[in-house]
Amino acid sequence: MSTRNSDKNRWLIAASAVAIHLSIGSIYAYSIYQIPLNETEGWSTSSVTLAFSIAVFVLGVTAAFLGKYVEEYGPRKAGLAAAVLYGLGMIGSGLSVQLGSLPLFLATFGVIGGMGIGLGYISPIGTLVEWFPDRRGMATGLAVMGFGAGALLTGPLGNFLIQNYGVSTAFFALGVLYFVLMSLGASYLAKPEKGWLPDGMHDMEDAQEKAKGALRGLDVHTAAEARTSPRFYMVWLIIFINVSAGIMLLAFASPMLQQIGGATATTAAFITGYIGIFNGGGRIAWATLSDYIGRTTTYAAFMVIQIAAFFVMPQVSGVWILTALMFLVITCYGGGFACLPAYLSDLFGTKEVSAIHGYALTAWGFAGVAGPQLASFVLESTGSYTNALYVMNVALVIGLLTVGVLRWRIGKLQDDRTKKATPVTTD
């Protein structure tokens with residue numbers, strides 16, 4: 001489709017968003033720094049891991065509290081600010097390694113870099129939703145696919161730089177590269193002109209009719225209004241459970257493959273190396289599908305698939321069947337992130353979707369702690385990952401029930417509005 005009545009091309013807007021997310025998605029390749037920093041700086045594994053944990057925590061806080069900044073100043077300024085923060089965080093990390101300062105490393109990679117990731121994650125999302133009223137899921141899925149696939153770029157490139165030039169130089173080079181990519185992407189970002197629609201669409205209702213997965217008949221909400229809605233908290237809980245399940249597998253995939261599937265350490269390492277492909281691919285695949293079957297149905301599918309997978313995993317005897325089930329769960333994990341912005345815009349409108357998205361991403365931060373900690377607790381208590389899978393299955397059943405209640409709630413609001421023919425202003 002063309003982008004008539006605009007000097008911007010919406011597909012280049014999508015490419016710009018991918019450039020930003022591909023850069024900040026390098027956080028998924030953080031493990032490449034672990035051993036080099038252990039060996040060259042003498043920093044303990046827990047100390048190096050702490051920088052990653054701080055970055056993820058700051059990411060969530062930044063996304064939650066700077067969503068208003070994105071709405072106020074626009075995606076271009078927000079994206080450029082993210083480029084500066086993430087670039088400085090990476091370059092500062094290289095400097096801290098040269099100086100041998102762990103506190104400086106925690107501050108630069110963890111705090112400054114984490115702020116850049118959080119701001120960069122949300123800055124293009126609301127813009128994409130407005131440029132693709134007919135394909136919300138596909139557009140936002142394409143962007144966050146870049147985030148999920150970021151490790152595919154950083155993993156081999158970062159390893160090459162570390163092995164040939166050292167850890168600090170790797171941070172310097174990657175920092176410059178990410179700054180350039182993010183700046184180029186942010187420079188092209190802009191919201192469409194007021195009243196703009198893709199070719200073949202006459203008004204927003206027509207756009208929504210053509211967007212088969214979109215919800216209709218719900219009111220536009222500000223971020224403050226959305227936070228008081230039961231719908232928001234149901235979505236938050238669904239995301240929390242979905243992410244907890246996926247992160248648990250991401251954190252313990254290798255030992256689970258060895259303990260449950262009987263894989264060797266080498267085979268397990270080989271398999272986990274391909275998780276990023278399914279994380280990224282699941283994002284675009286599920287998000288595109290959600291445009292046709294609806295976001296609520298998509299999240300219900302995530303829960304049903306994972307309930308079945310987590311039930312079967314402890315009982316499989318072959319490593320490759322277990323691998324296939326893990327990859328399937330990881331597509332649901334990535335798909336949950338990809339469908340979220342489009343779902344929030346379906347439920348609350350596009351007016352302040354960046355800010356609402358930021359609030360919803362706090363579920364990610366909490367799940368990043370809950371998933372691995374739950375698995376660790378159950379493992380230490382029972383000595384088996386099997387029980388951890390069953391415990392997580394209980395949470396997934398709760399998630400499926402929540403999706404059902406949310407579907408009923410949405411249907412009731414739509415029916416009430418149709419009957420009264422007046423806006424529904426409160427839940």
# chains A, B, ... in the order shown; residues from 1 in each chain; ligands from 1
$ residues_around --residues "region 244-256 of chain A" --least-positions-apart "4" --cutoff "8 Å" --atoms "only C-alpha atoms" --output "PDB file with all heavy atoms, in the first residue's frame"
ATOM      1  N   PHE A 240       2.181 -10.914  32.599  1.00  0.00           N
ATOM      2  CA  PHE A 240       3.054 -11.377  33.681  1.00  0.00           C
ATOM      3  C   PHE A 240       3.196 -12.899  33.653  1.00  0.00           C
ATOM      4  O   PHE A 240       4.305 -13.435  33.750  1.00  0.00           O
ATOM      5  CB  PHE A 240       2.500 -10.917  35.029  1.00  0.00           C
ATOM      6  CG  PHE A 240       3.216 -11.498  36.219  1.00  0.00           C
ATOM      7  CD1 PHE A 240       4.441 -10.987  36.619  1.00  0.00           C
ATOM      8  CD2 PHE A 240       2.670 -12.565  36.916  1.00  0.00           C
ATOM      9  CE1 PHE A 240       5.112 -11.541  37.705  1.00  0.00           C
ATOM     10  CE2 PHE A 240       3.325 -13.119  38.004  1.00  0.00           C
ATOM     11  CZ  PHE A 240       4.562 -12.599  38.398  1.00  0.00           C
ATOM     12  N   ILE A 260      15.862 -33.496  32.006  1.00  0.00           N
ATOM     13  CA  ILE A 260      14.614 -34.121  31.557  1.00  0.00           C
ATOM     14  C   ILE A 260      14.810 -34.893  30.250  1.00  0.00           C
ATOM     15  O   ILE A 260      14.333 -36.017  30.094  1.00  0.00           O
ATOM     16  CB  ILE A 260      13.502 -33.070  31.385  1.00  0.00           C
ATOM     17  CG1 ILE A 260      13.214 -32.375  32.729  1.00  0.00           C
ATOM     18  CG2 ILE A 260      12.223 -33.710  30.845  1.00  0.00           C
ATOM     19  CD1 ILE A 260      12.225 -31.225  32.622  1.00  0.00           C
ATOM     20  N   GLY A 261      15.519 -34.260  29.294  1.00  0.00           N
ATOM     21  CA  GLY A 261      15.656 -34.870  27.973  1.00  0.00           C
ATOM     22  C   GLY A 261      16.863 -35.772  27.815  1.00  0.00           C
ATOM     23  O   GLY A 261      16.976 -36.484  26.810  1.00  0.00           O
ATOM     24  N   ALA A 265      25.782 -31.856  27.529  1.00  0.00           N
ATOM     25  CA  ALA A 265      25.983 -30.416  27.699  1.00  0.00           C
ATOM     26  C   ALA A 265      26.218 -29.741  26.351  1.00  0.00           C
ATOM     27  O   ALA A 265      25.735 -28.626  26.097  1.00  0.00           O
ATOM     28  CB  ALA A 265      27.156 -30.159  28.639  1.00  0.00           C
ATOM     29  N   ALA A 268      22.867 -29.559  24.468  1.00  0.00           N
ATOM     30  CA  ALA A 268      22.020 -28.555  25.101  1.00  0.00           C
ATOM     31  C   ALA A 268      22.465 -27.153  24.721  1.00  0.00           C
ATOM     32  O   ALA A 268      21.633 -26.271  24.441  1.00  0.00           O
ATOM     33  CB  ALA A 268      22.040 -28.729  26.615  1.00  0.00           C
ATOM     34  N   ALA A 269      23.766 -26.913  24.691  1.00  0.00           N
ATOM     35  CA  ALA A 269      24.287 -25.596  24.312  1.00  0.00           C
ATOM     36  C   ALA A 269      23.955 -25.282  22.858  1.00  0.00           C
ATOM     37  O   ALA A 269      23.608 -24.145  22.510  1.00  0.00           O
ATOM     38  CB  ALA A 269      25.797 -25.565  24.530  1.00  0.00           C
ATOM     39  N   THR A 272      20.121 -24.397  22.705  1.00  0.00           N
ATOM     40  CA  THR A 272      19.773 -23.092  23.279  1.00  0.00           C
ATOM     41  C   THR A 272      20.252 -21.945  22.391  1.00  0.00           C
ATOM     42  O   THR A 272      19.702 -20.851  22.450  1.00  0.00           O
ATOM     43  CB  THR A 272      20.375 -22.931  24.692  1.00  0.00           C
ATOM     44  OG1 THR A 272      21.790 -23.178  24.641  1.00  0.00           O
ATOM     45  CG2 THR A 272      19.741 -23.911  25.671  1.00  0.00           C
ATOM     46  N   MET A 326       9.862 -26.751  23.721  1.00  0.00           N
ATOM     47  CA  MET A 326      10.483 -25.528  24.237  1.00  0.00           C
ATOM     48  C   MET A 326      10.431 -24.410  23.205  1.00  0.00           C
ATOM     49  O   MET A 326      10.087 -23.266  23.526  1.00  0.00           O
ATOM     50  CB  MET A 326      11.939 -25.799  24.632  1.00  0.00           C
ATOM     51  CG  MET A 326      12.120 -26.481  25.957  1.00  0.00           C
ATOM     52  SD  MET A 326      13.870 -26.523  26.438  1.00  0.00           S
ATOM     53  CE  MET A 326      13.710 -27.074  28.148  1.00  0.00           C
ATOM     54  N   VAL A 329       6.964 -22.963  23.043  1.00  0.00           N
ATOM     55  CA  VAL A 329       6.689 -22.063  24.170  1.00  0.00           C
ATOM     56  C   VAL A 329       7.377 -20.720  23.967  1.00  0.00           C
ATOM     57  O   VAL A 329       6.804 -19.663  24.254  1.00  0.00           O
ATOM     58  CB  VAL A 329       7.144 -22.710  25.502  1.00  0.00           C
ATOM     59  CG1 VAL A 329       7.098 -21.691  26.647  1.00  0.00           C
ATOM     60  CG2 VAL A 329       6.262 -23.902  25.833  1.00  0.00           C
ATOM     61  N   ILE A 330       8.599 -20.735  23.452  1.00  0.00           N
ATOM     62  CA  ILE A 330       9.342 -19.490  23.243  1.00  0.00           C
ATOM     63  C   ILE A 330       8.673 -18.622  22.179  1.00  0.00           C
ATOM     64  O   ILE A 330       8.717 -17.388  22.258  1.00  0.00           O
ATOM     65  CB  ILE A 330      10.810 -19.800  22.859  1.00  0.00           C
ATOM     66  CG1 ILE A 330      11.533 -20.434  24.052  1.00  0.00           C
ATOM     67  CG2 ILE A 330      11.536 -18.539  22.430  1.00  0.00           C
ATOM     68  CD1 ILE A 330      11.535 -19.597  25.313  1.00  0.00           C
ATOM     69  N   CYS A 332       5.499 -18.354  21.887  1.00  0.00           N
ATOM     70  CA  CYS A 332       4.420 -17.719  22.649  1.00  0.00           C
ATOM     71  C   CYS A 332       4.955 -16.587  23.511  1.00  0.00           C
ATOM     72  O   CYS A 332       4.305 -15.554  23.683  1.00  0.00           O
ATOM     73  CB  CYS A 332       3.703 -18.750  23.520  1.00  0.00           C
ATOM     74  SG  CYS A 332       2.858 -20.051  22.595  1.00  0.00           S
ATOM     75  N   TYR A 333       6.143 -16.799  24.068  1.00  0.00           N
ATOM     76  CA  TYR A 333       6.799 -15.763  24.867  1.00  0.00           C
ATOM     77  C   TYR A 333       7.038 -14.514  24.021  1.00  0.00           C
ATOM     78  O   TYR A 333       6.656 -13.401  24.395  1.00  0.00           O
ATOM     79  CB  TYR A 333       8.121 -16.309  25.408  1.00  0.00           C
ATOM     80  CG  TYR A 333       9.058 -15.276  25.984  1.00  0.00           C
ATOM     81  CD1 TYR A 333       8.856 -14.751  27.260  1.00  0.00           C
ATOM     82  CD2 TYR A 333      10.168 -14.841  25.264  1.00  0.00           C
ATOM     83  CE1 TYR A 333       9.725 -13.822  27.790  1.00  0.00           C
ATOM     84  CE2 TYR A 333      11.045 -13.911  25.785  1.00  0.00           C
ATOM     85  CZ  TYR A 333      10.826 -13.399  27.052  1.00  0.00           C
ATOM     86  OH  TYR A 333      11.688 -12.463  27.572  1.00  0.00           O
ATOM     87  N   ALA A 367       8.077 -10.229  36.092  1.00  0.00           N
ATOM     88  CA  ALA A 367       8.170 -11.607  35.615  1.00  0.00           C
ATOM     89  C   ALA A 367       9.618 -12.048  35.463  1.00  0.00           C
ATOM     90  O   ALA A 367       9.940 -13.224  35.649  1.00  0.00           O
ATOM     91  CB  ALA A 367       7.436 -11.754  34.284  1.00  0.00           C
ATOM     92  N   GLY A 368      10.507 -11.099  35.132  1.00  0.00           N
ATOM     93  CA  GLY A 368      11.917 -11.419  34.990  1.00  0.00           C
ATOM     94  C   GLY A 368      12.530 -11.920  36.287  1.00  0.00           C
ATOM     95  O   GLY A 368      13.516 -12.660  36.285  1.00  0.00           O
ATOM     96  N   ALA A 370      10.267 -13.237  38.889  1.00  0.00           N
ATOM     97  CA  ALA A 370       9.397 -14.320  39.372  1.00  0.00           C
ATOM     98  C   ALA A 370       9.659 -15.657  38.681  1.00  0.00           C
ATOM     99  O   ALA A 370       9.734 -16.699  39.349  1.00  0.00           O
ATOM    100  CB  ALA A 370       7.936 -13.919  39.180  1.00  0.00           C
ATOM    101  N   GLY A 371       9.792 -15.661  37.350  1.00  0.00           N
ATOM    102  CA  GLY A 371       9.957 -16.919  36.618  1.00  0.00           C
ATOM    103  C   GLY A 371      11.182 -17.711  37.048  1.00  0.00           C
ATOM    104  O   GLY A 371      11.075 -18.859  37.497  1.00  0.00           O
ATOM    105  N   PRO A 372      12.386 -17.116  36.924  1.00  0.00           N
ATOM    106  CA  PRO A 372      13.586 -17.848  37.330  1.00  0.00           C
ATOM    107  C   PRO A 372      13.629 -18.171  38.824  1.00  0.00           C
ATOM    108  O   PRO A 372      14.088 -19.242  39.222  1.00  0.00           O
ATOM    109  CB  PRO A 372      14.728 -16.878  36.950  1.00  0.00           C
ATOM    110  CG  PRO A 372      14.152 -16.027  35.868  1.00  0.00           C
ATOM    111  CD  PRO A 372      12.710 -15.857  36.242  1.00  0.00           C
ATOM    112  N   ALA A 375      11.442 -21.196  39.567  1.00  0.00           N
ATOM    113  CA  ALA A 375      12.092 -22.435  39.140  1.00  0.00           C
ATOM    114  C   ALA A 375      13.228 -22.807  40.093  1.00  0.00           C
ATOM    115  O   ALA A 375      13.399 -23.977  40.447  1.00  0.00           O
ATOM    116  CB  ALA A 375      12.617 -22.280  37.716  1.00  0.00           C
ATOM    117  N   TYR A 385      13.275 -30.252  37.982  1.00  0.00           N
ATOM    118  CA  TYR A 385      12.603 -29.211  37.209  1.00  0.00           C
ATOM    119  C   TYR A 385      11.171 -29.603  36.855  1.00  0.00           C
ATOM    120  O   TYR A 385      10.357 -28.753  36.504  1.00  0.00           O
ATOM    121  CB  TYR A 385      13.372 -28.934  35.912  1.00  0.00           C
ATOM    122  CG  TYR A 385      14.639 -28.149  36.122  1.00  0.00           C
ATOM    123  CD1 TYR A 385      15.884 -28.757  35.992  1.00  0.00           C
ATOM    124  CD2 TYR A 385      14.603 -26.803  36.451  1.00  0.00           C
ATOM    125  CE1 TYR A 385      17.054 -28.050  36.179  1.00  0.00           C
ATOM    126  CE2 TYR A 385      15.770 -26.077  36.633  1.00  0.00           C
ATOM    127  CZ  TYR A 385      16.991 -26.705  36.501  1.00  0.00           C
ATOM    128  OH  TYR A 385      18.150 -25.994  36.694  1.00  0.00           O
ATOM    129  N   MET A 392       4.242 -23.970  37.307  1.00  0.00           N
ATOM    130  CA  MET A 392       4.004 -22.927  36.316  1.00  0.00           C
ATOM    131  C   MET A 392       2.716 -23.189  35.547  1.00  0.00           C
ATOM    132  O   MET A 392       2.023 -22.260  35.130  1.00  0.00           O
ATOM    133  CB  MET A 392       5.190 -22.848  35.348  1.00  0.00           C
ATOM    134  CG  MET A 392       5.094 -21.711  34.329  1.00  0.00           C
ATOM    135  SD  MET A 392       4.902 -20.074  35.090  1.00  0.00           S
ATOM    136  CE  MET A 392       6.544 -19.846  35.754  1.00  0.00           C
ATOM    137  N   LEU A 396      -0.464 -20.788  34.455  1.00  0.00           N
ATOM    138  CA  LEU A 396      -0.975 -20.673  33.083  1.00  0.00           C
ATOM    139  C   LEU A 396      -2.480 -20.917  33.018  1.00  0.00           C
ATOM    140  O   LEU A 396      -3.185 -20.278  32.222  1.00  0.00           O
ATOM    141  CB  LEU A 396      -0.239 -21.652  32.173  1.00  0.00           C
ATOM    142  CG  LEU A 396       1.226 -21.289  31.877  1.00  0.00           C
ATOM    143  CD1 LEU A 396       1.968 -22.474  31.273  1.00  0.00           C
ATOM    144  CD2 LEU A 396       1.298 -20.085  30.937  1.00  0.00           C
TER     145      LEU A 396
END
$ residues_around --residues "Val70 (chain A)" --least-positions-apart "3" --cutoff "8 Å" --atoms "only C-alpha atoms" --output "list in words"
Leu66, Gly67, Tyr73, Gly74, Pro75, Lys77, Ala78, Ile122, Ser123, Ser354 and Ala355 of chain A
$ write_last_selection --atoms "C-alpha atoms" --output "CSV table (one decimal), in the first residue's frame"
chain,number,residue,atom,x,y,z
A,66,LEU,CA,8.9,7.9,30.3
A,67,GLY,CA,5.9,6.9,28.2
A,73,TYR,CA,8.0,15.2,22.6
A,74,GLY,CA,7.3,12.7,19.8
A,75,PRO,CA,9.0,9.5,18.6
A,77,LYS,CA,13.2,13.1,20.0
A,78,ALA,CA,12.5,10.1,22.2
A,122,ILE,CA,8.6,2.2,23.5
A,123,SER,CA,9.5,5.2,21.3
A,354,SER,CA,3.1,4.6,24.2
A,355,ALA,CA,2.4,5.6,27.9
$ select_by_dssp --residues "region 93-184 of chain A" --states "alpha helix (DSSP H)" --output "PyMOL selection string"
chain A and resi 93-99+102-105+113-122+125-131+136-148+150-165+167-184
$ closest_residue --among "A:Val61, A:Leu374, A:Ile54, A:Ile112" --to "Ala82 (chain A)" --atoms "only C-alpha atoms"
A:Ile112
$ atom_distance --atom1 "CA of Ala19 (chain A)" --atom2 "CA of Gly146 (chain A)"
7.3 Å
$ closest_atom_pairs --of "region 117-141 of chain A" --to "region 167-183 of chain A" --cutoff "12 Å" --atoms "only C-alpha atoms" --output "Markdown table"
| residue | atom | partner | partner_atom | distance |
| --- | --- | --- | --- | --- |
| A:Ile117 | CA | A:Met182 | CA | 10.8 |
| A:Leu119 | CA | A:Met182 | CA | 11.5 |
| A:Gly120 | CA | A:Met182 | CA | 8.3 |
| A:Tyr121 | CA | A:Met182 | CA | 11.0 |
| A:Ser123 | CA | A:Met182 | CA | 11.0 |
| A:Pro124 | CA | A:Met182 | CA | 11.0 |
$ atom_distance --atom1 "CA of Gly87 (chain A)" --atom2 "CA of Gly113 (chain A)"
7.5 Å
$ residues_around --residues "region 223-225 of chain A" --least-positions-apart "4" --cutoff "12 Å" --atoms "only C-alpha atoms" --output "VMD selection string"
chain A and resid 64 to 68 71 219 229 to 232 344 to 345 347 to 360 425 to 427
$ closest_residue --among "A:Gly336, A:Gly276, A:Gly42, A:Gly158" --to "Ala301 (chain A)" --atoms "only C-alpha atoms"
A:Gly336
$ atom_distance --atom1 "CA of Ser26 (chain A)" --atom2 "CA of Leu128 (chain A)"
21.5 Å
$ closest_residue --among "A:Ser381, A:Thr267, A:Ser376, A:Thr154" --to "Ile27 (chain A)" --atoms "only C-alpha atoms"
A:Thr154
$ residues_around --residues "Gly318 (chain A)" --least-positions-apart "3" --cutoff "8 Å" --atoms "only C-alpha atoms" --output "JSON, numbers by chain"
{"A": [261, 262, 321, 322]}
$ closest_residue --among "A:Leu161, A:Leu142, A:Ile275, A:Val369" --to "Cys339 (chain A)" --atoms "only C-alpha atoms"
A:Leu142
$ closest_residue --among "A:Ala15, A:Ala149, A:Leu406, A:Ala55" --to "Tyr274 (chain A)" --atoms "only C-alpha atoms"
A:Ala149
